[in-house]
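Dropping protein29.pdb in here (PDB, C-alpha atoms and all ligand atoms):
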```pdb
ATOM      1  CA  MET A 859      42.925 -21.729 112.049  1.00  0.00           C
ATOM      2  CA  LEU A 860      41.839 -22.225 115.615  1.00  0.00           C
ATOM      3  CA  SER A 861      39.605 -19.643 117.222  1.00  0.00           C
ATOM      4  CA  GLU A 862      40.724 -17.591 120.191  1.00  0.00           C
ATOM      5  CA  GLU A 863      37.688 -18.810 122.086  1.00  0.00           C
ATOM      6  CA  LEU A 864      38.638 -22.420 121.599  1.00  0.00           C
ATOM      7  CA  LEU A 865      42.222 -21.790 122.623  1.00  0.00           C
ATOM      8  CA  LYS A 866      40.995 -20.241 125.859  1.00  0.00           C
ATOM      9  CA  VAL A 867      39.016 -23.288 126.932  1.00  0.00           C
ATOM     10  CA  ILE A 868      41.269 -26.137 125.892  1.00  0.00           C
ATOM     11  CA  ALA A 869      44.029 -27.454 128.095  1.00  0.00           C
ATOM     12  CA  CYS A 870      46.607 -30.189 128.013  1.00  0.00           C
ATOM     13  CA  PRO A 871      44.817 -33.478 128.807  1.00  0.00           C
ATOM     14  CA  LYS A 872      47.801 -34.674 130.775  1.00  0.00           C
ATOM     15  CA  CYS A 873      48.656 -31.757 133.061  1.00  0.00           C
ATOM     16  CA  LYS A 874      45.607 -29.506 132.460  1.00  0.00           C
ATOM     17  CA  GLY A 875      48.066 -26.758 131.700  1.00  0.00           C
ATOM     18  CA  GLU A 876      48.137 -24.140 129.008  1.00  0.00           C
ATOM     19  CA  LEU A 877      48.561 -25.132 125.382  1.00  0.00           C
ATOM     20  CA  VAL A 878      50.421 -22.972 122.892  1.00  0.00           C
ATOM     21  CA  TYR A 879      49.124 -22.926 119.362  1.00  0.00           C
ATOM     22  CA  CYS A 880      51.774 -23.291 116.708  1.00  0.00           C
ATOM     23  CA  PRO A 881      50.324 -22.074 113.386  1.00  0.00           C
ATOM     24  CA  LYS A 882      53.359 -23.006 111.344  1.00  0.00           C
ATOM     25  CA  ARG A 883      53.296 -26.644 112.377  1.00  0.00           C
ATOM     26  CA  ASN A 884      49.554 -26.749 112.999  1.00  0.00           C
ATOM     27  CA  GLU A 885      49.907 -28.221 116.434  1.00  0.00           C
ATOM     28  CA  LEU A 886      49.267 -27.415 120.056  1.00  0.00           C
ATOM     29  CA  ARG A 887      52.231 -27.577 122.337  1.00  0.00           C
ATOM     30  CA  CYS A 888      52.475 -28.292 126.025  1.00  0.00           C
ATOM     31  CA  TYR A 889      55.878 -27.145 127.137  1.00  0.00           C
ATOM     32  CA  ARG A 890      55.402 -28.656 130.580  1.00  0.00           C
ATOM     33  CA  CYS A 891      54.797 -32.187 129.278  1.00  0.00           C
ATOM     34  CA  LYS A 892      56.917 -31.594 126.184  1.00  0.00           C
ATOM     35  CA  LEU A 893      54.134 -32.947 124.005  1.00  0.00           C
ATOM     36  CA  ALA A 894      52.695 -31.742 120.715  1.00  0.00           C
ATOM     37  CA  TYR A 895      49.048 -32.369 119.848  1.00  0.00           C
ATOM     38  CA  ARG A 896      48.108 -32.343 116.187  1.00  0.00           C
ATOM     39  CA  ILE A 897      45.110 -30.572 114.725  1.00  0.00           C
ATOM     40  CA  GLU A 898      42.911 -32.248 112.135  1.00  0.00           C
ATOM     41  CA  ASP A 899      40.270 -30.252 110.275  1.00  0.00           C
ATOM     42  CA  ASP A 900      40.496 -27.517 112.916  1.00  0.00           C
ATOM     43  CA  ILE A 901      39.866 -30.054 115.667  1.00  0.00           C
ATOM     44  CA  PRO A 902      42.694 -30.487 118.159  1.00  0.00           C
ATOM     45  CA  ILE A 903      43.408 -34.125 118.950  1.00  0.00           C
ATOM     46  CA  LEU A 904      43.813 -33.781 122.688  1.00  0.00           C
ATOM     47  CA  LEU A 905      44.755 -37.340 123.512  1.00  0.00           C
ATOM     48  CA  VAL A 906      47.951 -38.117 125.362  1.00  0.00           C
ATOM     49  CA  GLU A 907      48.395 -41.351 123.437  1.00  0.00           C
ATOM     50  CA  GLU A 908      48.111 -39.448 120.134  1.00  0.00           C
ATOM     51  CA  ALA A 909      50.559 -36.732 121.127  1.00  0.00           C
ATOM     52  CA  LYS A 910      54.062 -36.571 119.802  1.00  0.00           C
ATOM     53  CA  PRO A 911      57.188 -35.667 121.755  1.00  0.00           C
ATOM     54  CA  LEU A 912      57.768 -31.966 121.431  1.00  0.00           C
ATOM     55  CA  ASN A 913      60.945 -30.920 119.729  1.00  0.00           C
ATOM     56  CA  GLU A 914      61.570 -27.476 121.150  1.00  0.00           C
ATOM     57  CA  ASP A 915      64.235 -26.837 118.533  1.00  0.00           C
ATOM     58  CA  GLU A 916      61.531 -26.724 115.873  1.00  0.00           C
ATOM     59  CA  PRO A 917      60.536 -23.085 115.506  1.00  0.00           C
ATOM     60  CA  CYS A 918      56.912 -22.178 115.819  1.00  0.00           C
ATOM     61  CA  GLU A 919      56.859 -18.773 114.169  1.00  0.00           C
TER      62      GLU A 919
HETATM   63 ZN    ZN B   1      50.797 -30.895 129.661  1.00  0.00          ZN
END
```
Render the structure in this file as structure tokens.
Amino acid sequence: MLSEELLKVIACPKCKGELVYCPKRNELRCYRCKLAYRIEDDIPILLVEEAKPLNEDEPCE
């Protein structure tokens, strides 16, 4: 589980925009870039080259 504090300070490495935490899929989503960043051991992997294309049809909740 990511802390609220961490979520407040992290941003998408590509567009510097807001990231949305998806607890169900354990990923951070940037809807602007349509990228999903995975989280390993509570550490978000905020690397554009590690991100996966975001499938917005996959529900988050
Ligand atoms: Zn972005």
Tell me, as an MDAnalysis selection string, which residues lie within 12 Å of Asp899 of chain A, counting all atoms listed in the file; anything in the same chain fewer than 3 positions away does not count.
chainID A and resid 859:860 884:885 896 902:903
Could you give me, as a ChimeraX atom specification, every polymer residue with an atom at most 7 Å away from an atom of ligand ZN 1 (chain B), counting only C-alpha atoms and all ligand atoms?
/A:870-875,888-891,893
Just the selected residues (C-alpha atoms), exported as a PDB file, in the coordinates of the input, please.
```
ATOM      1  CA  CYS A 870      46.607 -30.189 128.013  1.00  0.00           C
ATOM      2  CA  PRO A 871      44.817 -33.478 128.807  1.00  0.00           C
ATOM      3  CA  LYS A 872      47.801 -34.674 130.775  1.00  0.00           C
ATOM      4  CA  CYS A 873      48.656 -31.757 133.061  1.00  0.00           C
ATOM      5  CA  LYS A 874      45.607 -29.506 132.460  1.00  0.00           C
ATOM      6  CA  GLY A 875      48.066 -26.758 131.700  1.00  0.00           C
ATOM      7  CA  CYS A 888      52.475 -28.292 126.025  1.00  0.00           C
ATOM      8  CA  TYR A 889      55.878 -27.145 127.137  1.00  0.00           C
ATOM      9  CA  ARG A 890      55.402 -28.656 130.580  1.00  0.00           C
ATOM     10  CA  CYS A 891      54.797 -32.187 129.278  1.00  0.00           C
ATOM     11  CA  LEU A 893      54.134 -32.947 124.005  1.00  0.00           C
TER      12      LEU A 893
END
```
Answer key for the PyMOL selection byres (((chain A and resi 906-913) around 7) and not hetatm), residues as number ranges by chain
A: 871-872, 892-895, 904-905, 914-916
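Selection result for the displayed file, with the PyMOL selection byres (((chain A and resi 881) around 12) and not hetatm) as criterion, is Met859, Leu860, Ser861, Val878, Tyr879, Cys880, Lys882, Arg883, Asn884, Glu885, Leu886, Arg887, Arg896, Ile897, Asp900, Pro917, Cys918 and Glu919 of chain A.
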Around all listed atoms of segment 872-891 of chain A, padded 8 Å per side, what centre and edge lengths does the axis-aligned box have in Å to one decimal, as lines of an AutoDock Vina configuration file?
```
center_x = 50.7
center_y = -28.4
center_z = 122.2
size_x = 26.3
size_y = 28.6
size_z = 37.7
```
All residues 10 Å or closer to Lys866 of chain A, all atoms listed in the file, same chain fewer than 4 positions away omitted, as number ranges by chain:
A: 861-862, 876-877
